[in-house]
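Here the structure is laid out as structure tokens; the discussion comes afterwards.
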Amino acid sequence: MLLNDKTVIITGASRGIGAAAALECARQGADLVIGYSGSPSSKGHVDELIQQIEALGRKAVAVGAPAEDPDTGEALVAAAVEHFGGVDVFVNNAGICPFHSFLDMPRETYLKTVDTNLNGAYFAVQAAARQMKEQGRGGAIIAVSSISALVGGAMQTHYTPTKAGLLSLMQSCAVALGPYGIRCNAVLPGTIETDINRDDLSDDGKRQYMESRTPLGRLGNPDDLAGPIVFLASDMARYVTGASLLVDGGMFVNLQ
Ligand SMILES: NC(=O)C1=CN([C@@H]2O[C@H](COP(=O)(O)OP(=O)(O)OC[C@H]3O[C@@H](n4cnc5c(N)ncnc54)[C@H](O)[C@@H]3O)[C@@H](O)[C@H]2O)C=CC1
Ligand SMILES: C[C@H](O)[C@@H]1OC(=O)[C@H](O)[C@@H]1O
């Protein structure tokens, strides 16, 4: 197993990519701290996920705290220390993408997106890194960035800068934390079918266009991200830091 007896924290793990990554980490021998927004609607998903993790013979605890709160990272780390004695892997996954046009972007939509996707992530990564440094055994930090860190979207002008920011954060943190043996990398998903784009992809024309741009011939699903995240978390990637891994079925390179 690739993550035997490691402790992994994942934010936004109630569903989608975060939940799939949490399950694969458990299959690979890890115990989990499941970060989620704290909303009652998410709690049912989290309880179900914890049952699935326990059925795999691993342990999991949930921490309900919003990603945009600068104190959330410390709460997640405190839970990892209390229940599992420390943290080995931190996956910053929580994110929102409320599609909206640029010229009439509500100020609150922009600020909420940046706070949730990037500002909270900064402090959470910092909290995880401080704990890893104190433990003195290195660690792995992974940000779920996006293909949208590299390309634009007319309805995503508030979102794409957060994903570019996460990629940049991992690059700078790789430099800052390398001396402590803490590796920092980003995964860049393409179009993955989850709740975040359910409405957007309900437009058949849009869906067909996104599929047609994907050389592997289909949109992604959350499990497609689980392997790449586990790889970057594991010692298989022990000399990989500051890297970005596109997981997009080839969408980015498909110009013509
Ligand atoms: N689905 C896709 O095509 C792509 C997704 N991503 C990124 O993947 C990450 C996960 O998204 P998906 O699994 O696709 O969508 P999703 O909507 O299924 O999952 C998002 C997760 O973030 C959580 N979350 C949202 N706001 C939160 C808050 N304020 N505090 C704590 N948790 C919060 C949700 O509860 C959920 O667990 C996001 O960062 C997203 O930007 C990146 C590229 C493509
Ligand atoms: C929410 C979008 O459909 C999704 O998120 C991203 O980061 C990419 O732009 C995907 O298409």
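Going through the structure tokens in order, the chains are called A, B, and so on, while each chain numbers its residues from 1 and the ligands are numbered from 1 in the order shown.
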Could you give me, as an NGL selection string, every polymer residue with an atom at most 6 Å away from an atom of ligand 2, counting only C-alpha atoms and all ligand atoms?
:A and (97 or 146-148 or 190-191 or 196-197)
Please produce a file of those selected residues containing N, CA and C atoms, as a tab-separated table (two decimals), in the first residue's frame.
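Here's the written file out_10.tsv:
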chain	number	residue	atom	x	y	z
A	97	CYS	N	-17.24	27.28	-7.98
A	97	CYS	CA	-17.14	27.94	-9.29
A	97	CYS	C	-18.54	28.37	-9.74
A	146	SER	N	-6.32	23.47	-11.37
A	146	SER	CA	-7.21	23.21	-12.51
A	146	SER	C	-6.49	23.49	-13.83
A	147	ILE	N	-6.99	22.88	-14.87
A	147	ILE	CA	-6.61	23.31	-16.23
A	147	ILE	C	-6.85	24.81	-16.37
A	148	SER	N	-7.80	25.31	-15.58
A	148	SER	CA	-8.14	26.74	-15.62
A	148	SER	C	-7.08	27.62	-14.99
A	190	GLY	N	-9.06	18.53	-15.65
A	190	GLY	CA	-9.76	19.13	-16.79
A	190	GLY	C	-11.23	19.29	-16.44
A	191	THR	N	-12.11	18.74	-17.27
A	191	THR	CA	-13.54	18.80	-16.93
A	191	THR	C	-13.97	17.46	-16.34
A	196	ILE	N	-20.06	20.60	-9.07
A	196	ILE	CA	-19.60	21.97	-9.36
A	196	ILE	C	-20.01	22.42	-10.77
A	197	ASN	N	-20.15	21.46	-11.69
A	197	ASN	CA	-20.49	21.84	-13.07
A	197	ASN	C	-21.75	21.14	-13.59
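Look at A:Ile142: the protein and nucleic acid residues within 8 Å of it, using only C-alpha atoms and passing over chain neighbours fewer than 3 places away, are Val89, Phe90, Val91, Asn92, Met170, Cys184, Asn185, Ala186, Val187, Ile229, Leu232 and Ala233 of chain A.
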What would the file look like if the residues just selected were written as a PDB file, in the first residue's frame with all heavy atoms?
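Produced file result.pdb, reproduced below:
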ATOM      1  N   VAL A  89       0.075  14.242   5.076  1.00  0.00           N
ATOM      2  CA  VAL A  89      -0.349  14.719   3.745  1.00  0.00           C
ATOM      3  C   VAL A  89      -1.484  15.723   3.929  1.00  0.00           C
ATOM      4  O   VAL A  89      -2.417  15.471   4.694  1.00  0.00           O
ATOM      5  CB  VAL A  89      -0.854  13.539   2.874  1.00  0.00           C
ATOM      6  CG1 VAL A  89      -1.338  14.037   1.514  1.00  0.00           C
ATOM      7  CG2 VAL A  89       0.221  12.474   2.706  1.00  0.00           C
ATOM      8  N   PHE A  90      -1.388  16.840   3.225  1.00  0.00           N
ATOM      9  CA  PHE A  90      -2.489  17.806   3.234  1.00  0.00           C
ATOM     10  C   PHE A  90      -2.942  18.035   1.797  1.00  0.00           C
ATOM     11  O   PHE A  90      -2.128  18.412   0.942  1.00  0.00           O
ATOM     12  CB  PHE A  90      -2.054  19.133   3.858  1.00  0.00           C
ATOM     13  CG  PHE A  90      -3.140  20.162   3.847  1.00  0.00           C
ATOM     14  CD1 PHE A  90      -4.201  20.089   4.731  1.00  0.00           C
ATOM     15  CD2 PHE A  90      -3.138  21.188   2.909  1.00  0.00           C
ATOM     16  CE1 PHE A  90      -5.236  21.015   4.700  1.00  0.00           C
ATOM     17  CE2 PHE A  90      -4.166  22.123   2.869  1.00  0.00           C
ATOM     18  CZ  PHE A  90      -5.207  22.032   3.772  1.00  0.00           C
ATOM     19  N   VAL A  91      -4.224  17.809   1.536  1.00  0.00           N
ATOM     20  CA  VAL A  91      -4.773  18.013   0.186  1.00  0.00           C
ATOM     21  C   VAL A  91      -5.761  19.173   0.241  1.00  0.00           C
ATOM     22  O   VAL A  91      -6.813  19.079   0.883  1.00  0.00           O
ATOM     23  CB  VAL A  91      -5.484  16.748  -0.344  1.00  0.00           C
ATOM     24  CG1 VAL A  91      -6.007  16.988  -1.764  1.00  0.00           C
ATOM     25  CG2 VAL A  91      -4.561  15.541  -0.316  1.00  0.00           C
ATOM     26  N   ASN A  92      -5.412  20.275  -0.418  1.00  0.00           N
ATOM     27  CA  ASN A  92      -6.326  21.415  -0.468  1.00  0.00           C
ATOM     28  C   ASN A  92      -7.233  21.268  -1.693  1.00  0.00           C
ATOM     29  O   ASN A  92      -6.788  21.481  -2.826  1.00  0.00           O
ATOM     30  CB  ASN A  92      -5.557  22.733  -0.560  1.00  0.00           C
ATOM     31  CG  ASN A  92      -6.495  23.881  -0.254  1.00  0.00           C
ATOM     32  OD1 ASN A  92      -6.610  24.287   0.897  1.00  0.00           O
ATOM     33  ND2 ASN A  92      -7.209  24.382  -1.246  1.00  0.00           N
ATOM     34  N   MET A 170       1.791  26.527  -4.731  1.00  0.00           N
ATOM     35  CA  MET A 170       2.534  25.259  -4.612  1.00  0.00           C
ATOM     36  C   MET A 170       3.975  25.424  -5.090  1.00  0.00           C
ATOM     37  O   MET A 170       4.900  24.851  -4.508  1.00  0.00           O
ATOM     38  CB  MET A 170       1.835  24.148  -5.398  1.00  0.00           C
ATOM     39  CG  MET A 170       0.540  23.662  -4.782  1.00  0.00           C
ATOM     40  SD  MET A 170       0.739  22.989  -3.100  1.00  0.00           S
ATOM     41  CE  MET A 170       0.295  24.390  -2.083  1.00  0.00           C
ATOM     42  N   CYS A 184       5.558  19.967  -2.364  1.00  0.00           N
ATOM     43  CA  CYS A 184       4.322  20.701  -2.685  1.00  0.00           C
ATOM     44  C   CYS A 184       4.052  20.610  -4.183  1.00  0.00           C
ATOM     45  O   CYS A 184       4.893  21.039  -4.983  1.00  0.00           O
ATOM     46  CB  CYS A 184       4.471  22.165  -2.287  1.00  0.00           C
ATOM     47  SG  CYS A 184       4.820  22.392  -0.535  1.00  0.00           S
ATOM     48  N   ASN A 185       2.912  20.084  -4.531  1.00  0.00           N
ATOM     49  CA  ASN A 185       2.573  19.869  -5.939  1.00  0.00           C
ATOM     50  C   ASN A 185       1.112  20.219  -6.202  1.00  0.00           C
ATOM     51  O   ASN A 185       0.314  20.302  -5.267  1.00  0.00           O
ATOM     52  CB  ASN A 185       2.839  18.408  -6.317  1.00  0.00           C
ATOM     53  CG  ASN A 185       4.315  18.060  -6.255  1.00  0.00           C
ATOM     54  OD1 ASN A 185       5.116  18.534  -7.052  1.00  0.00           O
ATOM     55  ND2 ASN A 185       4.706  17.247  -5.261  1.00  0.00           N
ATOM     56  N   ALA A 186       0.798  20.359  -7.486  1.00  0.00           N
ATOM     57  CA  ALA A 186      -0.582  20.678  -7.874  1.00  0.00           C
ATOM     58  C   ALA A 186      -1.094  19.651  -8.871  1.00  0.00           C
ATOM     59  O   ALA A 186      -0.351  19.224  -9.758  1.00  0.00           O
ATOM     60  CB  ALA A 186      -0.632  22.069  -8.498  1.00  0.00           C
ATOM     61  N   VAL A 187      -2.352  19.267  -8.710  1.00  0.00           N
ATOM     62  CA  VAL A 187      -3.025  18.536  -9.783  1.00  0.00           C
ATOM     63  C   VAL A 187      -3.940  19.519 -10.505  1.00  0.00           C
ATOM     64  O   VAL A 187      -4.544  20.396  -9.886  1.00  0.00           O
ATOM     65  CB  VAL A 187      -3.839  17.305  -9.291  1.00  0.00           C
ATOM     66  CG1 VAL A 187      -2.919  16.191  -8.836  1.00  0.00           C
ATOM     67  CG2 VAL A 187      -4.841  17.668  -8.216  1.00  0.00           C
ATOM     68  N   ILE A 229      -3.554  11.963  -7.166  1.00  0.00           N
ATOM     69  CA  ILE A 229      -3.378  12.583  -5.837  1.00  0.00           C
ATOM     70  C   ILE A 229      -2.613  11.627  -4.915  1.00  0.00           C
ATOM     71  O   ILE A 229      -1.672  12.042  -4.209  1.00  0.00           O
ATOM     72  CB  ILE A 229      -4.750  12.989  -5.247  1.00  0.00           C
ATOM     73  CG1 ILE A 229      -5.307  14.194  -6.025  1.00  0.00           C
ATOM     74  CG2 ILE A 229      -4.633  13.302  -3.754  1.00  0.00           C
ATOM     75  CD1 ILE A 229      -6.742  14.574  -5.696  1.00  0.00           C
ATOM     76  N   LEU A 232       1.125  11.590  -5.859  1.00  0.00           N
ATOM     77  CA  LEU A 232       1.882  12.745  -5.378  1.00  0.00           C
ATOM     78  C   LEU A 232       2.036  12.727  -3.860  1.00  0.00           C
ATOM     79  O   LEU A 232       3.011  13.258  -3.319  1.00  0.00           O
ATOM     80  CB  LEU A 232       1.208  14.045  -5.839  1.00  0.00           C
ATOM     81  CG  LEU A 232       1.308  14.319  -7.347  1.00  0.00           C
ATOM     82  CD1 LEU A 232       0.442  15.503  -7.744  1.00  0.00           C
ATOM     83  CD2 LEU A 232       2.767  14.557  -7.768  1.00  0.00           C
ATOM     84  N   ALA A 233       1.084  12.107  -3.165  1.00  0.00           N
ATOM     85  CA  ALA A 233       1.160  12.014  -1.699  1.00  0.00           C
ATOM     86  C   ALA A 233       2.178  10.974  -1.248  1.00  0.00           C
ATOM     87  O   ALA A 233       2.696  11.044  -0.132  1.00  0.00           O
ATOM     88  CB  ALA A 233      -0.219  11.654  -1.139  1.00  0.00           C
TER      89      ALA A 233
END
Which of A:His158, A:Arg183, A:Arg130, A:Lys6 sits closest to ligand 1 [using only C-alpha atoms and all ligand atoms]
A:His158
Residues contacting ligand 1 - anything with an atom at most 6 Å away, using only C-alpha atoms and all ligand atoms - can you give me those as a compact mmCIF listing (two decimals) with C-alpha atoms, in the first residue's frame?
# COMPACT_ATOMS: atom_id res chain seq x y z
CA GLY A 12 -13.95 19.79 0.75
CA ALA A 13 -14.04 16.01 1.00
CA SER A 14 -17.79 15.52 1.46
CA ARG A 15 -18.25 14.68 -2.24
CA GLY A 16 -16.74 14.86 -5.70
CA ILE A 17 -12.97 14.78 -6.16
CA GLY A 18 -12.27 15.19 -2.43
CA TYR A 36 -16.15 19.93 5.02
CA SER A 37 -18.08 23.18 5.10
CA PRO A 66 -15.61 26.65 6.15
CA ALA A 67 -12.62 26.75 3.82
CA GLU A 68 -12.68 30.55 3.69
CA ASN A 93 -9.38 20.53 -2.54
CA ALA A 94 -12.36 22.66 -1.40
CA GLY A 95 -13.57 25.00 -4.10
CA ILE A 96 -16.50 26.72 -5.75
CA THR A 116 -12.93 30.01 -0.48
CA VAL A 144 -6.31 20.74 -6.47
CA SER A 145 -5.77 23.52 -8.99
CA SER A 146 -7.21 23.21 -12.51
CA PRO A 189 -8.07 18.51 -13.47
CA GLY A 190 -9.76 19.13 -16.79
CA THR A 191 -13.54 18.80 -16.93
CA ILE A 192 -14.63 16.33 -14.28
CA GLU A 193 -18.32 15.56 -13.82
CA THR A 194 -19.27 16.67 -10.30
CA ASP A 195 -21.78 18.93 -8.61
CA ILE A 196 -19.60 21.97 -9.36
Please report the interatomic distance between atom CA of A:Arg58 and atom CA of A:Asp31 in Å with one decimal.
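Going from atom CA of A:Arg58 over to atom CA of A:Asp31 covers 5.5 Å.
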Pick from A:Asn221, A:Thr160, A:Thr7, A:Ser212 nearest to A:His83, counting only C-alpha atoms
A:Thr7
Restricting the calculation to only C-alpha atoms: of A:Asp88, A:Ala164, A:His45, A:Ser39, which residue gets closest to A:Asp235?
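The shortest atom-to-atom distance to A:Asp235 comes from A:Asp88.
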Would you mind writing down, as a PyMOL selection string, each residue of stretch 33-81 of chain A that DSSP on the backbone assigns to strand (DSSP E)?
chain A and resi 33-36+60-64
Could you pull out the helix (DSSP H, G or I) residues of stretch 79-249 of chain A, going by DSSP on the backbone, and write them as a PyMOL selection string?
chain A and resi 79-84+107-135+147-149+160-180+195-201+204-212+223-233+235-237
Which distance in Å separates atom CA of A:Lys112 and atom CA of A:Leu49, to one decimal?
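Pair atom CA of A:Lys112 / atom CA of A:Leu49 returns 26.7 Å.
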Residue nearest A:Pro179 among A:Gly136, A:Gly165, A:Gly64, A:Gly152 (counting only C-alpha atoms)
A:Gly136
Surrounding residues of A:Leu56 excluding itself and chain neighbours under 4 positions, 10 Å, only C-alpha atoms, as a PyMOL selection string
chain A and resi 23+26-29+50-52
Export, as a PDB file, in the first residue's frame, the selected residues with N, CA and C atoms.
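New file part_38.pdb:
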ATOM      1  N   LEU A  23     -11.270   8.220  -0.238  1.00  0.00           N
ATOM      2  CA  LEU A  23     -11.478   6.757  -0.285  1.00  0.00           C
ATOM      3  C   LEU A  23     -10.241   6.027  -0.795  1.00  0.00           C
ATOM      4  N   ALA A  26      -7.617   5.884   1.836  1.00  0.00           N
ATOM      5  CA  ALA A  26      -7.932   4.828   2.816  1.00  0.00           C
ATOM      6  C   ALA A  26      -7.583   3.450   2.249  1.00  0.00           C
ATOM      7  N   ARG A  27      -7.925   3.226   0.981  1.00  0.00           N
ATOM      8  CA  ARG A  27      -7.563   1.936   0.348  1.00  0.00           C
ATOM      9  C   ARG A  27      -6.056   1.723   0.384  1.00  0.00           C
ATOM     10  N   GLN A  28      -5.321   2.825   0.329  1.00  0.00           N
ATOM     11  CA  GLN A  28      -3.850   2.741   0.322  1.00  0.00           C
ATOM     12  C   GLN A  28      -3.265   2.798   1.728  1.00  0.00           C
ATOM     13  N   GLY A  29      -4.141   2.651   2.754  1.00  0.00           N
ATOM     14  CA  GLY A  29      -3.637   2.469   4.122  1.00  0.00           C
ATOM     15  C   GLY A  29      -3.613   3.691   5.005  1.00  0.00           C
ATOM     16  N   ILE A  50     -17.341   8.366   5.896  1.00  0.00           N
ATOM     17  CA  ILE A  50     -16.606   7.816   7.045  1.00  0.00           C
ATOM     18  C   ILE A  50     -16.929   6.330   7.214  1.00  0.00           C
ATOM     19  N   GLN A  51     -18.187   5.971   7.006  1.00  0.00           N
ATOM     20  CA  GLN A  51     -18.549   4.538   7.078  1.00  0.00           C
ATOM     21  C   GLN A  51     -17.781   3.729   6.036  1.00  0.00           C
ATOM     22  N   GLN A  52     -17.681   4.287   4.828  1.00  0.00           N
ATOM     23  CA  GLN A  52     -16.952   3.571   3.759  1.00  0.00           C
ATOM     24  C   GLN A  52     -15.465   3.428   4.107  1.00  0.00           C
TER      25      GLN A  52
END
Nearby residues (only C-alpha atoms) at most 12 Å from A:Lys133, same-chain spacing under 3 positions excluded, as a list in words:
Gly86, Val87, Asp88, Gln126, Ala127, Ala128, Ala129, Arg130, Gly136, Arg137, Gly138, Gly139, Ala140, Ala176, Leu177, Gly178, Pro179, Tyr180, Gly181, Ile182 and Arg183 of chain A
Could you save the residues just selected, with all heavy atoms, as a tab-separated table (two decimals), in the first residue's frame?
chain	number	residue	atom	x	y	z
A	86	GLY	N	-0.53	13.33	14.29
A	86	GLY	CA	0.22	14.22	13.38
A	86	GLY	C	-0.42	14.24	12.01
A	86	GLY	O	-1.53	13.71	11.82
A	87	VAL	N	0.29	14.86	11.06
A	87	VAL	CA	-0.22	14.91	9.67
A	87	VAL	C	0.94	14.67	8.71
A	87	VAL	O	2.03	15.20	8.87
A	87	VAL	CB	-0.93	16.27	9.39
A	87	VAL	CG1	-0.03	17.45	9.68
A	87	VAL	CG2	-1.41	16.34	7.96
A	88	ASP	N	0.68	13.81	7.73
A	88	ASP	CA	1.69	13.49	6.71
A	88	ASP	C	1.37	14.12	5.36
A	88	ASP	O	2.28	14.43	4.59
A	88	ASP	CB	1.79	11.97	6.54
A	88	ASP	CG	2.19	11.29	7.83
A	88	ASP	OD1	3.33	11.49	8.27
A	88	ASP	OD2	1.34	10.58	8.42
A	126	GLN	N	-0.35	26.77	5.22
A	126	GLN	CA	0.61	27.24	6.22
A	126	GLN	C	0.49	26.44	7.53
A	126	GLN	O	1.50	26.04	8.12
A	126	GLN	CB	0.36	28.73	6.49
A	126	GLN	CG	1.38	29.38	7.41
A	126	GLN	CD	0.96	30.81	7.72
A	126	GLN	OE1	-0.18	31.05	8.13
A	126	GLN	NE2	1.86	31.75	7.50
A	127	ALA	N	-0.75	26.20	7.96
A	127	ALA	CA	-0.95	25.43	9.21
A	127	ALA	C	-0.41	24.01	9.06
A	127	ALA	O	0.25	23.49	9.98
A	127	ALA	CB	-2.45	25.41	9.55
A	128	ALA	N	-0.70	23.38	7.92
A	128	ALA	CA	-0.20	22.01	7.71
A	128	ALA	C	1.32	21.98	7.67
A	128	ALA	O	1.96	21.10	8.27
A	128	ALA	CB	-0.78	21.45	6.40
A	129	ALA	N	1.91	22.96	6.99
A	129	ALA	CA	3.37	23.01	6.85
A	129	ALA	C	4.04	23.23	8.21
A	129	ALA	O	5.08	22.63	8.50
A	129	ALA	CB	3.76	24.10	5.88
A	130	ARG	N	3.46	24.09	9.03
A	130	ARG	CA	4.04	24.33	10.37
A	130	ARG	C	4.08	23.03	11.17
A	130	ARG	O	5.07	22.71	11.83
A	130	ARG	CB	3.22	25.39	11.11
A	130	ARG	CG	3.49	26.80	10.61
A	130	ARG	CD	2.56	27.78	11.31
A	130	ARG	NE	2.89	29.16	10.97
A	130	ARG	CZ	2.05	30.18	11.08
A	130	ARG	NH1	0.81	29.99	11.52
A	130	ARG	NH2	2.43	31.39	10.75
A	136	GLY	N	9.17	17.02	11.88
A	136	GLY	CA	10.52	16.71	11.41
A	136	GLY	C	10.63	15.48	10.53
A	136	GLY	O	11.72	14.92	10.40
A	137	ARG	N	9.53	15.04	9.94
A	137	ARG	CA	9.61	13.87	9.06
A	137	ARG	C	9.11	14.17	7.64
A	137	ARG	O	8.70	13.27	6.92
A	137	ARG	CB	8.85	12.68	9.67
A	137	ARG	CG	7.37	12.91	9.94
A	137	ARG	CD	6.65	11.61	10.38
A	137	ARG	NE	5.22	11.71	10.35
A	137	ARG	CZ	4.44	11.90	11.43
A	137	ARG	NH1	4.98	12.03	12.62
A	137	ARG	NH2	3.13	11.96	11.29
A	138	GLY	N	9.14	15.44	7.27
A	138	GLY	CA	8.71	15.83	5.93
A	138	GLY	C	7.20	15.75	5.78
A	138	GLY	O	6.46	15.74	6.76
A	139	GLY	N	6.77	15.67	4.52
A	139	GLY	CA	5.33	15.61	4.26
A	139	GLY	C	5.05	15.94	2.81
A	139	GLY	O	5.96	16.23	2.03
A	140	ALA	N	3.78	15.85	2.47
A	140	ALA	CA	3.35	16.16	1.09
A	140	ALA	C	2.12	17.06	1.14
A	140	ALA	O	1.18	16.79	1.89
A	140	ALA	CB	3.03	14.88	0.33
A	176	ALA	N	10.00	27.14	-0.47
A	176	ALA	CA	10.09	27.50	0.95
A	176	ALA	C	10.20	26.28	1.85
A	176	ALA	O	10.84	26.34	2.92
A	176	ALA	CB	8.85	28.33	1.34
A	177	LEU	N	9.57	25.18	1.45
A	177	LEU	CA	9.46	24.03	2.36
A	177	LEU	C	10.35	22.86	1.99
A	177	LEU	O	10.46	21.89	2.76
A	177	LEU	CB	7.99	23.57	2.42
A	177	LEU	CG	6.99	24.63	2.90
A	177	LEU	CD1	5.56	24.13	2.77
A	177	LEU	CD2	7.27	25.04	4.35
A	178	GLY	N	10.99	22.93	0.84
A	178	GLY	CA	11.92	21.86	0.44
A	178	GLY	C	12.96	21.54	1.51
A	178	GLY	O	13.23	20.36	1.78
A	179	PRO	N	13.52	22.56	2.15
A	179	PRO	CA	14.54	22.28	3.17
A	179	PRO	C	14.01	21.43	4.34
A	179	PRO	O	14.81	20.84	5.08
A	179	PRO	CB	14.93	23.68	3.66
A	179	PRO	CG	14.67	24.57	2.49
A	179	PRO	CD	13.44	23.99	1.83
A	180	TYR	N	12.70	21.37	4.50
A	180	TYR	CA	12.12	20.54	5.58
A	180	TYR	C	11.62	19.19	5.04
A	180	TYR	O	10.94	18.44	5.76
A	180	TYR	CB	10.96	21.29	6.25
A	180	TYR	CG	11.37	22.66	6.72
A	180	TYR	CD1	10.91	23.79	6.05
A	180	TYR	CD2	12.25	22.82	7.78
A	180	TYR	CE1	11.31	25.06	6.44
A	180	TYR	CE2	12.67	24.09	8.18
A	180	TYR	CZ	12.19	25.20	7.50
A	180	TYR	OH	12.60	26.44	7.89
A	181	GLY	N	11.91	18.92	3.80
A	181	GLY	CA	11.45	17.65	3.21
A	181	GLY	C	9.97	17.63	2.92
A	181	GLY	O	9.37	16.56	2.77
A	182	ILE	N	9.38	18.81	2.84
A	182	ILE	CA	7.94	18.91	2.54
A	182	ILE	C	7.78	19.20	1.05
A	182	ILE	O	8.24	20.24	0.56
A	182	ILE	CB	7.27	20.01	3.39
A	182	ILE	CG1	7.48	19.71	4.88
A	182	ILE	CG2	5.78	20.11	3.05
A	182	ILE	CD1	7.10	20.88	5.80
A	183	ARG	N	7.15	18.28	0.33
A	183	ARG	CA	6.94	18.42	-1.11
A	183	ARG	C	5.59	19.10	-1.37
A	183	ARG	O	4.62	18.80	-0.67
A	183	ARG	CB	6.97	17.05	-1.80
A	183	ARG	CG	8.31	16.33	-1.66
A	183	ARG	CD	8.30	14.99	-2.37
A	183	ARG	NE	7.35	14.04	-1.81
A	183	ARG	CZ	6.18	13.74	-2.33
A	183	ARG	NH1	5.77	14.29	-3.46
A	183	ARG	NH2	5.39	12.86	-1.74
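In this comparison, which uses only C-alpha atoms, the residue of A:Gly85, A:Ser42, A:Gly57, A:Pro98 approaching A:Asp199 most closely is A:Pro98.
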Check the smallest atom-to-atom distance from each of A:Pro215, A:Phe102, A:Val81, A:Glu54 to A:Gln135 using only C-alpha atoms, then report the winner.
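When distances to A:Gln135 are compared using only C-alpha atoms, the smallest one comes from A:Val81.
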